[in-house]
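Enquirer: My structure is stored as model-v7.tsv, with TSV, C-alpha atoms.
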```
chain	number	residue	atom	x	y	z
A	7	MET	CA	-13.79	-60.24	-68.28
A	8	SER	CA	-14.45	-57.69	-71.06
A	9	GLY	CA	-15.52	-59.94	-73.90
A	10	GLY	CA	-14.23	-58.79	-77.27
A	11	ALA	CA	-17.27	-60.27	-79.01
A	12	HIS	CA	-19.52	-57.82	-77.19
A	13	GLU	CA	-17.60	-54.68	-78.08
A	14	PRO	CA	-19.79	-52.32	-80.10
A	15	ALA	CA	-18.69	-51.37	-83.58
A	16	ALA	CA	-16.75	-48.12	-83.86
A	17	GLY	CA	-18.90	-45.08	-83.29
A	18	LEU	CA	-21.75	-47.02	-81.75
A	19	LYS	CA	-22.68	-47.09	-78.09
A	20	LEU	CA	-24.13	-50.09	-76.32
A	21	TYR	CA	-27.59	-49.54	-74.94
A	22	HIS	CA	-27.76	-50.34	-71.24
A	23	PRO	CA	-31.32	-50.66	-70.02
A	24	PRO	CA	-31.85	-48.63	-66.87
A	25	MET	CA	-31.44	-50.68	-63.72
A	26	SER	CA	-31.97	-49.42	-60.22
A	27	LEU	CA	-29.18	-49.50	-57.67
A	28	TRP	CA	-31.82	-51.07	-55.44
A	29	TRP	CA	-32.52	-54.05	-57.72
A	30	TRP	CA	-31.79	-56.37	-54.81
A	31	LEU	CA	-34.73	-54.99	-52.83
A	32	GLU	CA	-37.19	-55.64	-55.62
A	33	ARG	CA	-37.60	-59.34	-55.02
A	34	ARG	CA	-37.38	-61.51	-51.93
A	35	ALA	CA	-35.14	-64.01	-53.75
A	36	TYR	CA	-32.66	-61.27	-54.78
A	37	PHE	CA	-32.62	-59.92	-51.24
A	38	LYS	CA	-31.92	-63.37	-49.80
A	39	ILE	CA	-29.01	-63.91	-52.17
A	40	VAL	CA	-27.46	-60.55	-51.28
A	41	VAL	CA	-27.85	-61.24	-47.55
A	42	ARG	CA	-26.33	-64.69	-48.07
A	43	GLU	CA	-23.34	-63.19	-49.86
A	44	LEU	CA	-22.95	-60.45	-47.24
A	45	THR	CA	-22.67	-63.04	-44.45
A	46	SER	CA	-19.13	-63.41	-45.76
A	47	LEU	CA	-18.31	-59.98	-44.26
A	48	PHE	CA	-18.78	-61.57	-40.84
A	49	VAL	CA	-16.93	-64.73	-41.86
A	50	GLY	CA	-13.93	-62.57	-42.78
A	51	ALA	CA	-14.26	-60.40	-39.68
A	52	PHE	CA	-14.42	-63.38	-37.34
A	53	ALA	CA	-11.38	-64.98	-39.00
A	54	VAL	CA	-9.49	-61.75	-38.19
A	55	VAL	CA	-10.83	-61.72	-34.60
A	56	THR	CA	-9.61	-65.30	-34.18
A	57	LEU	CA	-6.17	-64.37	-35.51
A	58	LEU	CA	-5.97	-61.47	-33.01
A	59	GLN	CA	-7.08	-63.82	-30.25
A	60	ILE	CA	-4.32	-66.29	-31.13
A	61	ARG	CA	-1.80	-63.43	-30.98
A	62	ALA	CA	-3.15	-62.44	-27.56
A	63	VAL	CA	-2.73	-66.02	-26.34
A	64	GLY	CA	0.86	-65.99	-27.59
A	65	ASP	CA	1.55	-62.64	-25.89
A	66	GLY	CA	0.83	-63.96	-22.39
A	67	PRO	CA	-1.83	-64.11	-19.65
A	68	GLU	CA	-2.29	-60.34	-19.17
A	69	PRO	CA	-2.69	-59.45	-22.86
A	70	TYR	CA	-5.07	-62.39	-23.18
A	71	ALA	CA	-7.15	-61.23	-20.20
A	72	ALA	CA	-7.36	-57.76	-21.79
A	73	PHE	CA	-8.47	-59.32	-25.08
A	74	ALA	CA	-11.10	-61.45	-23.32
A	75	ALA	CA	-12.40	-58.32	-21.55
A	76	MET	CA	-12.68	-56.57	-24.93
A	77	LEU	CA	-14.73	-59.51	-26.27
A	78	GLY	CA	-17.15	-58.88	-23.38
A	79	SER	CA	-17.67	-55.19	-24.15
A	80	PRO	CA	-21.20	-54.21	-25.25
A	81	ALA	CA	-19.95	-53.24	-28.72
A	82	PHE	CA	-18.31	-56.61	-29.21
A	83	ILE	CA	-21.28	-58.55	-27.84
A	84	THR	CA	-23.44	-56.71	-30.39
A	85	PHE	CA	-20.98	-57.66	-33.10
A	86	SER	CA	-21.03	-61.29	-31.95
A	87	VAL	CA	-24.84	-61.47	-31.96
A	88	VAL	CA	-24.97	-60.23	-35.56
A	89	ALA	CA	-21.96	-62.35	-36.56
A	90	PHE	CA	-23.57	-65.46	-35.05
A	91	LEU	CA	-26.81	-64.88	-36.95
A	92	ALA	CA	-24.78	-64.28	-40.12
A	93	VAL	CA	-22.66	-67.44	-39.88
A	94	LEU	CA	-25.75	-69.44	-38.93
A	95	PHE	CA	-27.52	-68.13	-42.05
A	96	HIS	CA	-24.40	-68.94	-44.04
A	97	ALA	CA	-24.40	-72.56	-42.79
A	98	LEU	CA	-28.15	-72.98	-43.32
A	99	THR	CA	-27.88	-71.72	-46.91
A	100	TRP	CA	-24.56	-73.45	-47.66
A	101	PHE	CA	-25.31	-77.12	-46.99
A	102	PRO	CA	-28.42	-77.23	-49.22
A	103	LEU	CA	-26.23	-75.88	-52.07
A	104	VAL	CA	-23.59	-78.61	-51.73
A	105	PRO	CA	-25.50	-81.16	-53.89
A	106	THR	CA	-25.33	-78.71	-56.81
A	107	THR	CA	-21.52	-78.98	-56.77
A	108	ILE	CA	-21.01	-82.60	-55.66
A	109	VAL	CA	-22.32	-85.48	-57.76
A	110	LEU	CA	-21.98	-88.83	-55.98
A	111	ARG	CA	-22.76	-92.14	-57.58
A	112	VAL	CA	-23.22	-95.54	-55.99
A	113	GLY	CA	-22.96	-97.99	-58.84
A	114	GLU	CA	-25.24	-96.60	-61.52
A	115	GLN	CA	-27.41	-94.70	-59.06
A	116	ARG	CA	-26.89	-91.04	-58.39
A	117	VAL	CA	-27.08	-90.24	-54.68
A	118	PRO	CA	-30.07	-87.90	-54.14
A	119	GLY	CA	-29.25	-84.30	-53.29
A	120	ASN	CA	-31.15	-84.26	-50.03
A	121	ILE	CA	-29.04	-87.18	-48.75
A	122	ILE	CA	-25.82	-85.28	-49.55
A	123	ALA	CA	-27.16	-82.13	-47.91
A	124	GLY	CA	-28.44	-84.12	-44.93
A	125	ALA	CA	-25.05	-85.76	-44.46
A	126	HIS	CA	-23.47	-82.30	-44.33
A	127	PHE	CA	-25.99	-81.12	-41.74
A	128	ALA	CA	-25.23	-84.23	-39.65
A	129	GLY	CA	-21.49	-83.62	-40.05
A	130	TRP	CA	-22.00	-80.00	-38.95
A	131	LEU	CA	-23.73	-81.18	-35.76
A	132	ILE	CA	-20.98	-83.71	-34.97
A	133	VAL	CA	-18.14	-81.25	-35.65
A	134	SER	CA	-19.84	-78.58	-33.49
A	135	VAL	CA	-20.25	-81.02	-30.59
A	136	VAL	CA	-16.60	-82.10	-30.84
A	137	VAL	CA	-15.34	-78.48	-30.87
A	138	ALA	CA	-17.59	-77.59	-27.93
A	139	TYR	CA	-16.45	-80.68	-26.01
A	140	ILE	CA	-12.76	-79.79	-26.48
A	141	LEU	CA	-13.33	-76.19	-25.32
A	142	LEU	CA	-15.71	-76.97	-22.44
A	143	ARG	CA	-14.06	-80.02	-20.83
A	144	GLY	CA	-12.17	-77.61	-18.53
B	12	MET	CA	-8.94	-71.82	-77.63
B	13	ALA	CA	-10.50	-70.22	-74.61
B	14	LYS	CA	-8.27	-67.99	-72.57
B	15	ARG	CA	-7.20	-69.55	-69.29
B	16	THR	CA	-8.36	-67.64	-66.26
B	17	LEU	CA	-7.84	-67.87	-62.53
B	18	THR	CA	-11.61	-68.00	-61.96
B	19	PRO	CA	-11.75	-71.76	-61.15
B	20	PHE	CA	-8.91	-71.34	-58.64
B	21	TRP	CA	-10.63	-68.50	-56.78
B	22	TRP	CA	-13.91	-70.34	-56.96
B	23	PHE	CA	-12.31	-73.45	-55.45
B	24	LEU	CA	-10.93	-71.41	-52.53
B	25	MET	CA	-14.36	-69.77	-52.11
B	26	GLY	CA	-16.01	-73.21	-51.95
B	27	ALA	CA	-13.48	-74.73	-49.55
B	28	GLY	CA	-13.69	-71.65	-47.31
B	29	GLY	CA	-17.47	-71.72	-47.44
B	30	MET	CA	-17.43	-75.31	-46.22
B	31	VAL	CA	-14.92	-74.62	-43.41
B	32	SER	CA	-16.81	-71.54	-42.21
B	33	ALA	CA	-20.23	-73.25	-42.41
B	34	MET	CA	-18.98	-76.24	-40.40
B	35	LEU	CA	-16.89	-74.43	-37.78
B	36	PHE	CA	-17.81	-70.76	-37.44
B	37	PRO	CA	-21.22	-71.04	-35.76
B	38	VAL	CA	-19.88	-73.00	-32.78
B	39	HIS	CA	-16.77	-70.79	-32.51
B	40	VAL	CA	-18.74	-67.52	-32.64
B	41	LEU	CA	-21.31	-68.87	-30.19
B	42	LEU	CA	-18.67	-69.93	-27.65
B	43	PHE	CA	-15.94	-67.26	-27.95
B	44	GLY	CA	-18.24	-64.40	-28.95
B	45	LEU	CA	-21.20	-64.99	-26.62
B	46	ALA	CA	-21.10	-67.97	-24.25
B	47	PHE	CA	-17.71	-67.25	-22.65
B	48	PRO	CA	-17.94	-63.40	-22.45
B	49	LEU	CA	-21.51	-63.58	-21.08
B	50	GLY	CA	-20.65	-66.34	-18.60
B	51	TRP	CA	-23.06	-68.96	-19.97
B	52	PHE	CA	-20.16	-71.40	-19.75
B	53	GLU	CA	-16.85	-71.13	-17.97
B	54	ALA	CA	-14.17	-70.02	-20.41
B	55	PRO	CA	-11.10	-72.27	-20.72
B	56	ALA	CA	-8.28	-71.20	-18.39
B	57	TYR	CA	-5.37	-69.36	-20.03
B	58	GLU	CA	-2.96	-72.25	-19.47
B	59	SER	CA	-5.20	-74.85	-21.11
B	60	LEU	CA	-6.00	-72.51	-24.01
B	61	HIS	CA	-2.29	-71.79	-24.49
B	62	ALA	CA	-1.45	-75.52	-24.44
B	63	LEU	CA	-4.23	-76.15	-26.95
B	64	VAL	CA	-3.09	-73.39	-29.34
B	65	ALA	CA	0.56	-74.49	-29.10
B	66	HIS	CA	-0.27	-78.04	-30.21
B	67	PRO	CA	0.78	-78.66	-33.84
B	68	ILE	CA	-2.60	-80.10	-34.85
B	69	THR	CA	-4.42	-77.07	-33.41
B	70	ARG	CA	-2.04	-74.74	-35.25
B	71	LEU	CA	-2.83	-76.48	-38.52
B	72	TYR	CA	-6.56	-76.37	-37.67
B	73	LEU	CA	-6.38	-72.65	-36.92
B	74	PHE	CA	-4.45	-71.95	-40.13
B	75	VAL	CA	-7.17	-73.66	-42.19
B	76	PHE	CA	-9.79	-71.88	-40.03
B	77	ILE	CA	-8.38	-68.47	-41.03
B	78	PHE	CA	-6.89	-69.00	-44.51
B	79	LEU	CA	-9.80	-70.59	-46.41
B	80	PRO	CA	-12.63	-68.47	-44.92
B	81	LEU	CA	-10.65	-65.29	-45.73
B	82	PHE	CA	-10.61	-66.29	-49.40
B	83	HIS	CA	-14.26	-67.29	-49.20
B	84	ALA	CA	-15.08	-63.80	-47.93
B	85	ALA	CA	-12.79	-62.12	-50.49
B	86	HIS	CA	-14.49	-63.90	-53.39
B	87	ARG	CA	-18.04	-63.26	-52.24
B	88	ILE	CA	-17.36	-59.62	-51.32
B	89	ARG	CA	-15.72	-59.07	-54.71
B	90	TYR	CA	-18.76	-60.15	-56.70
B	91	THR	CA	-21.25	-58.59	-54.30
B	92	VAL	CA	-19.49	-55.23	-54.66
B	93	TYR	CA	-19.68	-55.60	-58.47
B	94	ASP	CA	-23.41	-56.33	-58.32
B	95	LEU	CA	-24.56	-54.05	-55.51
B	96	PHE	CA	-22.76	-50.94	-56.73
B	97	ARG	CA	-23.10	-51.78	-60.44
B	98	VAL	CA	-19.36	-51.37	-60.84
B	99	GLN	CA	-17.99	-50.54	-64.29
B	100	PRO	CA	-15.96	-53.44	-65.80
B	101	SER	CA	-12.84	-51.26	-65.85
B	102	MET	CA	-12.92	-51.27	-62.05
B	103	HIS	CA	-13.38	-55.03	-61.68
B	104	GLN	CA	-9.72	-55.93	-61.61
B	105	PRO	CA	-8.66	-53.35	-58.99
B	106	ILE	CA	-11.46	-54.54	-56.70
B	107	ALA	CA	-10.40	-58.17	-57.18
B	108	VAL	CA	-6.80	-57.25	-56.35
B	109	VAL	CA	-7.89	-55.48	-53.14
B	110	CYS	CA	-10.10	-58.41	-52.05
B	111	TYR	CA	-7.65	-61.24	-52.72
B	112	GLY	CA	-4.74	-59.05	-51.58
B	113	ALA	CA	-6.38	-58.54	-48.18
B	114	ALA	CA	-7.04	-62.29	-47.88
B	115	THR	CA	-3.42	-63.03	-48.82
B	116	ALA	CA	-2.13	-60.55	-46.24
B	117	GLY	CA	-4.33	-62.13	-43.55
B	118	THR	CA	-3.12	-65.60	-44.55
B	119	ILE	CA	0.54	-64.55	-44.31
B	120	ALA	CA	-0.14	-62.95	-40.91
B	121	ALA	CA	-1.86	-66.15	-39.72
B	122	ALA	CA	1.02	-68.35	-40.93
B	123	TYR	CA	3.58	-66.08	-39.26
B	124	THR	CA	1.65	-65.97	-35.97
B	125	LEU	CA	1.02	-69.71	-35.85
B	126	LEU	CA	4.64	-70.57	-36.72
B	127	THR	CA	6.19	-68.17	-34.20
B	128	ILE	CA	3.80	-68.51	-31.27
B	129	SER	CA	5.66	-69.78	-28.21
```
Can the structure from this file be put into structure tokens for me?

Expert:
Amino acid sequence: MSGGAHEPAAGLKLYHPPMSLWWWLERRAYFKIVVRELTSLFVGAFAVVTLLQIRAVGDGPEPYAAFAAMLGSPAFITFSVVAFLAVLFHALTWFPLVPTTIVLRVGEQRVPGNIIAGAHFAGWLIVSVVVAYILLRG
Amino acid sequence: MAKRTLTPFWWFLMGAGGMVSAMLFPVHVLLFGLAFPLGWFEAPAYESLHALVAHPITRLYLFVFIFLPLFHAAHRIRYTVYDLFRVQPSMHQPIAVVCYGAATAGTIAAAYTLLTIS
């Protein structure tokens, strides 16, 4: 993304104002954005855990039992607590952002953003209940 | 004319993966990461879990569950690394290649696993 228009003329150096490596700690809003973006570390990690779990299911009952035991280890429970808080924060910050990317119109009227966000929160609840029902029905 | 870039494509995958992970990950992490290991609820028996995973619709579900969130994470990690570590522009492309490369590798592994699981 090096823009040619911003290249300095030959022999000149661009002035970069000093900026701390800790810029994201200087304001609450910056910090929140960085935390929000870092939740994706746990999204990626849990996607990998799920893939390994599927492999364990495919490998047979004993490998799966070993995998389930590993999920119950203190280290993994710690991971899951942090991962749960991270994906929860991700969901709680994601749905309010959806109206900035989706513009819905009914006739001439634009659907208000809080209705779009609210519909996503309701959908989240329904989807979660359905997934839990499928896994808990025994 | 403006140079075409892949940015909208990566951004689309980031958005789709953000939606999938926001909708589905909390309940999955809560159940598989905490509720089942800690015995809050009885975990599904191996046979029923195996039958569930082997079903074609579940395989498709799990592929989407892994593929899109991996690209969501790759995209967000890429730009967060740029910003947090104040990365020089010359290093931007290698970091992007590592991020999307890892997501692509995970996607291929997921497709292989879900197609070959017996």

Enquirer: Taking all atoms listed in the file into account, find every residue of chain A that has an atom no more than 7 Å from chain B, and write it out as a PyMOL selection string.

Expert: chain A and resi 8+27+43-44+46-47+49-50+53+57+61+63-64+67+77-78+83+86+90+93-94+96-97+100+130+133-134+141-142+144

Enquirer: Find the residues near His126 (chain A): any atom within 9 Å, counting only C-alpha atoms, skip ones fewer than 2 places away on the same chain, and give them as number ranges by chain.

Expert: A: 101-102, 104, 121-124, 128-131; B: 34

Enquirer: Rounded to one decimal in Å, what is the spacing between CA of Tyr21 (chain A) and CA of Gln99 (chain B)?

Expert: 14.4 Å

Enquirer: Work out how far CA of Gly113 (chain A) is from CA of Ala125 (chain A), in Å to one decimal.

Expert: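 Distance between the two atoms: 19.0 Å.
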
Enquirer: What's the separation between CA of Phe20 (chain B) and CA of Arg111 (chain A), in Å to one decimal place?

Expert: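 Separation of CA of Phe20 (chain B) and CA of Arg111 (chain A): 25.0 Å.
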
Enquirer: List the neighbours of Trp29 (chain A) out to 12 Å using all atoms listed in the file; skip same-chain residues closer than 2 positions along the sequence, and give me the result as a list of chain:residue names.

Expert: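 Using all atoms listed in the file, the neighbours found are A:Pro24, A:Met25, A:Ser26, A:Leu27, A:Leu31, A:Glu32, A:Arg33, A:Arg34, A:Ala35, A:Tyr36, A:Phe37, A:Ile39, A:Val40, B:Asp94, B:Leu95, B:Phe96, B:Arg97.
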
Enquirer: With a distance cut-off of 7 Å and all atoms listed in the file, select the neighbouring residues of Ala62 (chain A), excluding the residue or stretch itself and same-chain residues fewer than 5 positions from it, and output the selection as a ChimeraX atom specification.

Expert: /A:69-70,73

Enquirer: Quick one: region 12-23 of chain B with all heavy atoms, as a PDB file, in the first residue's frame?

Expert:
```pdb
ATOM      1  N   MET B  12      -6.751   5.119 -13.657  1.00  0.00           N
ATOM      2  CA  MET B  12      -7.686   4.226 -12.964  1.00  0.00           C
ATOM      3  C   MET B  12      -7.011   3.655 -11.729  1.00  0.00           C
ATOM      4  O   MET B  12      -5.830   3.354 -11.750  1.00  0.00           O
ATOM      5  CB  MET B  12      -8.096   3.105 -13.920  1.00  0.00           C
ATOM      6  CG  MET B  12      -9.430   2.481 -13.550  1.00  0.00           C
ATOM      7  SD  MET B  12      -9.971   1.310 -14.803  1.00  0.00           S
ATOM      8  CE  MET B  12      -9.469  -0.232 -14.087  1.00  0.00           C
ATOM      9  N   ALA B  13      -7.792   3.511 -10.695  1.00  0.00           N
ATOM     10  CA  ALA B  13      -7.233   2.980  -9.445  1.00  0.00           C
ATOM     11  C   ALA B  13      -6.793   1.531  -9.637  1.00  0.00           C
ATOM     12  O   ALA B  13      -7.416   0.774 -10.381  1.00  0.00           O
ATOM     13  CB  ALA B  13      -8.284   3.062  -8.337  1.00  0.00           C
ATOM     14  N   LYS B  14      -5.716   1.204  -8.976  1.00  0.00           N
ATOM     15  CA  LYS B  14      -5.197  -0.157  -9.049  1.00  0.00           C
ATOM     16  C   LYS B  14      -6.149  -1.092  -8.293  1.00  0.00           C
ATOM     17  O   LYS B  14      -6.618  -0.777  -7.208  1.00  0.00           O
ATOM     18  CB  LYS B  14      -3.809  -0.176  -8.405  1.00  0.00           C
ATOM     19  CG  LYS B  14      -3.017  -1.415  -8.728  1.00  0.00           C
ATOM     20  CD  LYS B  14      -1.636  -1.311  -8.085  1.00  0.00           C
ATOM     21  CE  LYS B  14      -1.167  -2.678  -7.650  1.00  0.00           C
ATOM     22  NZ  LYS B  14      -0.116  -2.606  -6.655  1.00  0.00           N
ATOM     23  N   ARG B  15      -6.441  -2.224  -8.922  1.00  0.00           N
ATOM     24  CA  ARG B  15      -7.294  -3.197  -8.229  1.00  0.00           C
ATOM     25  C   ARG B  15      -6.504  -3.876  -7.130  1.00  0.00           C
ATOM     26  O   ARG B  15      -5.350  -4.233  -7.317  1.00  0.00           O
ATOM     27  CB  ARG B  15      -7.761  -4.266  -9.218  1.00  0.00           C
ATOM     28  CG  ARG B  15      -8.978  -3.838  -9.993  1.00  0.00           C
ATOM     29  CD  ARG B  15      -9.269  -4.854 -11.073  1.00  0.00           C
ATOM     30  NE  ARG B  15     -10.549  -4.548 -11.670  1.00  0.00           N
ATOM     31  CZ  ARG B  15     -11.641  -5.264 -11.452  1.00  0.00           C
ATOM     32  NH1 ARG B  15     -11.607  -6.308 -10.668  1.00  0.00           N
ATOM     33  NH2 ARG B  15     -12.773  -4.950 -12.031  1.00  0.00           N
ATOM     34  N   THR B  16      -7.149  -4.054  -5.987  1.00  0.00           N
ATOM     35  CA  THR B  16      -6.474  -4.742  -4.895  1.00  0.00           C
ATOM     36  C   THR B  16      -7.372  -5.867  -4.392  1.00  0.00           C
ATOM     37  O   THR B  16      -8.555  -5.946  -4.725  1.00  0.00           O
ATOM     38  CB  THR B  16      -6.175  -3.796  -3.718  1.00  0.00           C
ATOM     39  OG1 THR B  16      -7.417  -3.483  -3.082  1.00  0.00           O
ATOM     40  CG2 THR B  16      -5.485  -2.538  -4.170  1.00  0.00           C
ATOM     41  N   LEU B  17      -6.776  -6.723  -3.586  1.00  0.00           N
ATOM     42  CA  LEU B  17      -7.526  -7.816  -2.981  1.00  0.00           C
ATOM     43  C   LEU B  17      -8.208  -7.371  -1.685  1.00  0.00           C
ATOM     44  O   LEU B  17      -8.921  -8.157  -1.064  1.00  0.00           O
ATOM     45  CB  LEU B  17      -6.584  -8.979  -2.670  1.00  0.00           C
ATOM     46  CG  LEU B  17      -6.256  -9.899  -3.852  1.00  0.00           C
ATOM     47  CD1 LEU B  17      -5.160 -10.863  -3.472  1.00  0.00           C
ATOM     48  CD2 LEU B  17      -7.491 -10.663  -4.299  1.00  0.00           C
ATOM     49  N   THR B  18      -8.006  -6.125  -1.290  1.00  0.00           N
ATOM     50  CA  THR B  18      -8.521  -5.677   0.015  1.00  0.00           C
ATOM     51  C   THR B  18     -10.015  -5.975   0.223  1.00  0.00           C
ATOM     52  O   THR B  18     -10.388  -6.498   1.271  1.00  0.00           O
ATOM     53  CB  THR B  18      -8.221  -4.180   0.200  1.00  0.00           C
ATOM     54  OG1 THR B  18      -6.813  -3.985   0.018  1.00  0.00           O
ATOM     55  CG2 THR B  18      -8.618  -3.701   1.589  1.00  0.00           C
ATOM     56  N   PRO B  19     -10.897  -5.666  -0.784  1.00  0.00           N
ATOM     57  CA  PRO B  19     -12.318  -5.960  -0.550  1.00  0.00           C
ATOM     58  C   PRO B  19     -12.579  -7.450  -0.321  1.00  0.00           C
ATOM     59  O   PRO B  19     -13.458  -7.819   0.461  1.00  0.00           O
ATOM     60  CB  PRO B  19     -12.992  -5.477  -1.842  1.00  0.00           C
ATOM     61  CG  PRO B  19     -12.043  -4.520  -2.442  1.00  0.00           C
ATOM     62  CD  PRO B  19     -10.672  -5.005  -2.067  1.00  0.00           C
ATOM     63  N   PHE B  20     -11.828  -8.297  -1.011  1.00  0.00           N
ATOM     64  CA  PHE B  20     -12.002  -9.749  -0.851  1.00  0.00           C
ATOM     65  C   PHE B  20     -11.656 -10.183   0.571  1.00  0.00           C
ATOM     66  O   PHE B  20     -12.422 -10.892   1.229  1.00  0.00           O
ATOM     67  CB  PHE B  20     -11.114 -10.460  -1.881  1.00  0.00           C
ATOM     68  CG  PHE B  20     -11.069 -11.948  -1.716  1.00  0.00           C
ATOM     69  CD1 PHE B  20     -12.168 -12.734  -2.021  1.00  0.00           C
ATOM     70  CD2 PHE B  20      -9.906 -12.560  -1.256  1.00  0.00           C
ATOM     71  CE1 PHE B  20     -12.121 -14.109  -1.861  1.00  0.00           C
ATOM     72  CE2 PHE B  20      -9.857 -13.939  -1.098  1.00  0.00           C
ATOM     73  CZ  PHE B  20     -10.971 -14.709  -1.403  1.00  0.00           C
ATOM     74  N   TRP B  21     -10.497  -9.745   1.071  1.00  0.00           N
ATOM     75  CA  TRP B  21     -10.111 -10.114   2.435  1.00  0.00           C
ATOM     76  C   TRP B  21     -11.084  -9.518   3.446  1.00  0.00           C
ATOM     77  O   TRP B  21     -11.422 -10.139   4.447  1.00  0.00           O
ATOM     78  CB  TRP B  21      -8.688  -9.616   2.759  1.00  0.00           C
ATOM     79  CG  TRP B  21      -7.610 -10.168   1.897  1.00  0.00           C
ATOM     80  CD1 TRP B  21      -6.658  -9.462   1.212  1.00  0.00           C
ATOM     81  CD2 TRP B  21      -7.321 -11.552   1.626  1.00  0.00           C
ATOM     82  NE1 TRP B  21      -5.830 -10.311   0.532  1.00  0.00           N
ATOM     83  CE2 TRP B  21      -6.215 -11.592   0.767  1.00  0.00           C
ATOM     84  CE3 TRP B  21      -7.920 -12.750   2.010  1.00  0.00           C
ATOM     85  CZ2 TRP B  21      -5.677 -12.794   0.295  1.00  0.00           C
ATOM     86  CZ3 TRP B  21      -7.383 -13.939   1.545  1.00  0.00           C
ATOM     87  CH2 TRP B  21      -6.280 -13.950   0.707  1.00  0.00           C
ATOM     88  N   TRP B  22     -11.525  -8.308   3.153  1.00  0.00           N
ATOM     89  CA  TRP B  22     -12.443  -7.648   4.073  1.00  0.00           C
ATOM     90  C   TRP B  22     -13.772  -8.401   4.115  1.00  0.00           C
ATOM     91  O   TRP B  22     -14.375  -8.554   5.174  1.00  0.00           O
ATOM     92  CB  TRP B  22     -12.652  -6.192   3.634  1.00  0.00           C
ATOM     93  CG  TRP B  22     -13.251  -5.385   4.727  1.00  0.00           C
ATOM     94  CD1 TRP B  22     -12.586  -4.738   5.726  1.00  0.00           C
ATOM     95  CD2 TRP B  22     -14.639  -5.156   4.964  1.00  0.00           C
ATOM     96  NE1 TRP B  22     -13.481  -4.127   6.570  1.00  0.00           N
ATOM     97  CE2 TRP B  22     -14.746  -4.366   6.130  1.00  0.00           C
ATOM     98  CE3 TRP B  22     -15.814  -5.545   4.312  1.00  0.00           C
ATOM     99  CZ2 TRP B  22     -15.969  -3.946   6.651  1.00  0.00           C
ATOM    100  CZ3 TRP B  22     -17.028  -5.137   4.835  1.00  0.00           C
ATOM    101  CH2 TRP B  22     -17.097  -4.344   5.995  1.00  0.00           C
ATOM    102  N   PHE B  23     -14.224  -8.899   2.958  1.00  0.00           N
ATOM    103  CA  PHE B  23     -15.465  -9.673   2.916  1.00  0.00           C
ATOM    104  C   PHE B  23     -15.327 -10.948   3.766  1.00  0.00           C
ATOM    105  O   PHE B  23     -16.228 -11.289   4.548  1.00  0.00           O
ATOM    106  CB  PHE B  23     -15.811 -10.046   1.471  1.00  0.00           C
ATOM    107  CG  PHE B  23     -16.930 -11.038   1.391  1.00  0.00           C
ATOM    108  CD1 PHE B  23     -18.244 -10.641   1.619  1.00  0.00           C
ATOM    109  CD2 PHE B  23     -16.677 -12.372   1.124  1.00  0.00           C
ATOM    110  CE1 PHE B  23     -19.275 -11.560   1.574  1.00  0.00           C
ATOM    111  CE2 PHE B  23     -17.706 -13.298   1.087  1.00  0.00           C
ATOM    112  CZ  PHE B  23     -19.008 -12.893   1.302  1.00  0.00           C
TER     113      PHE B  23
END
```
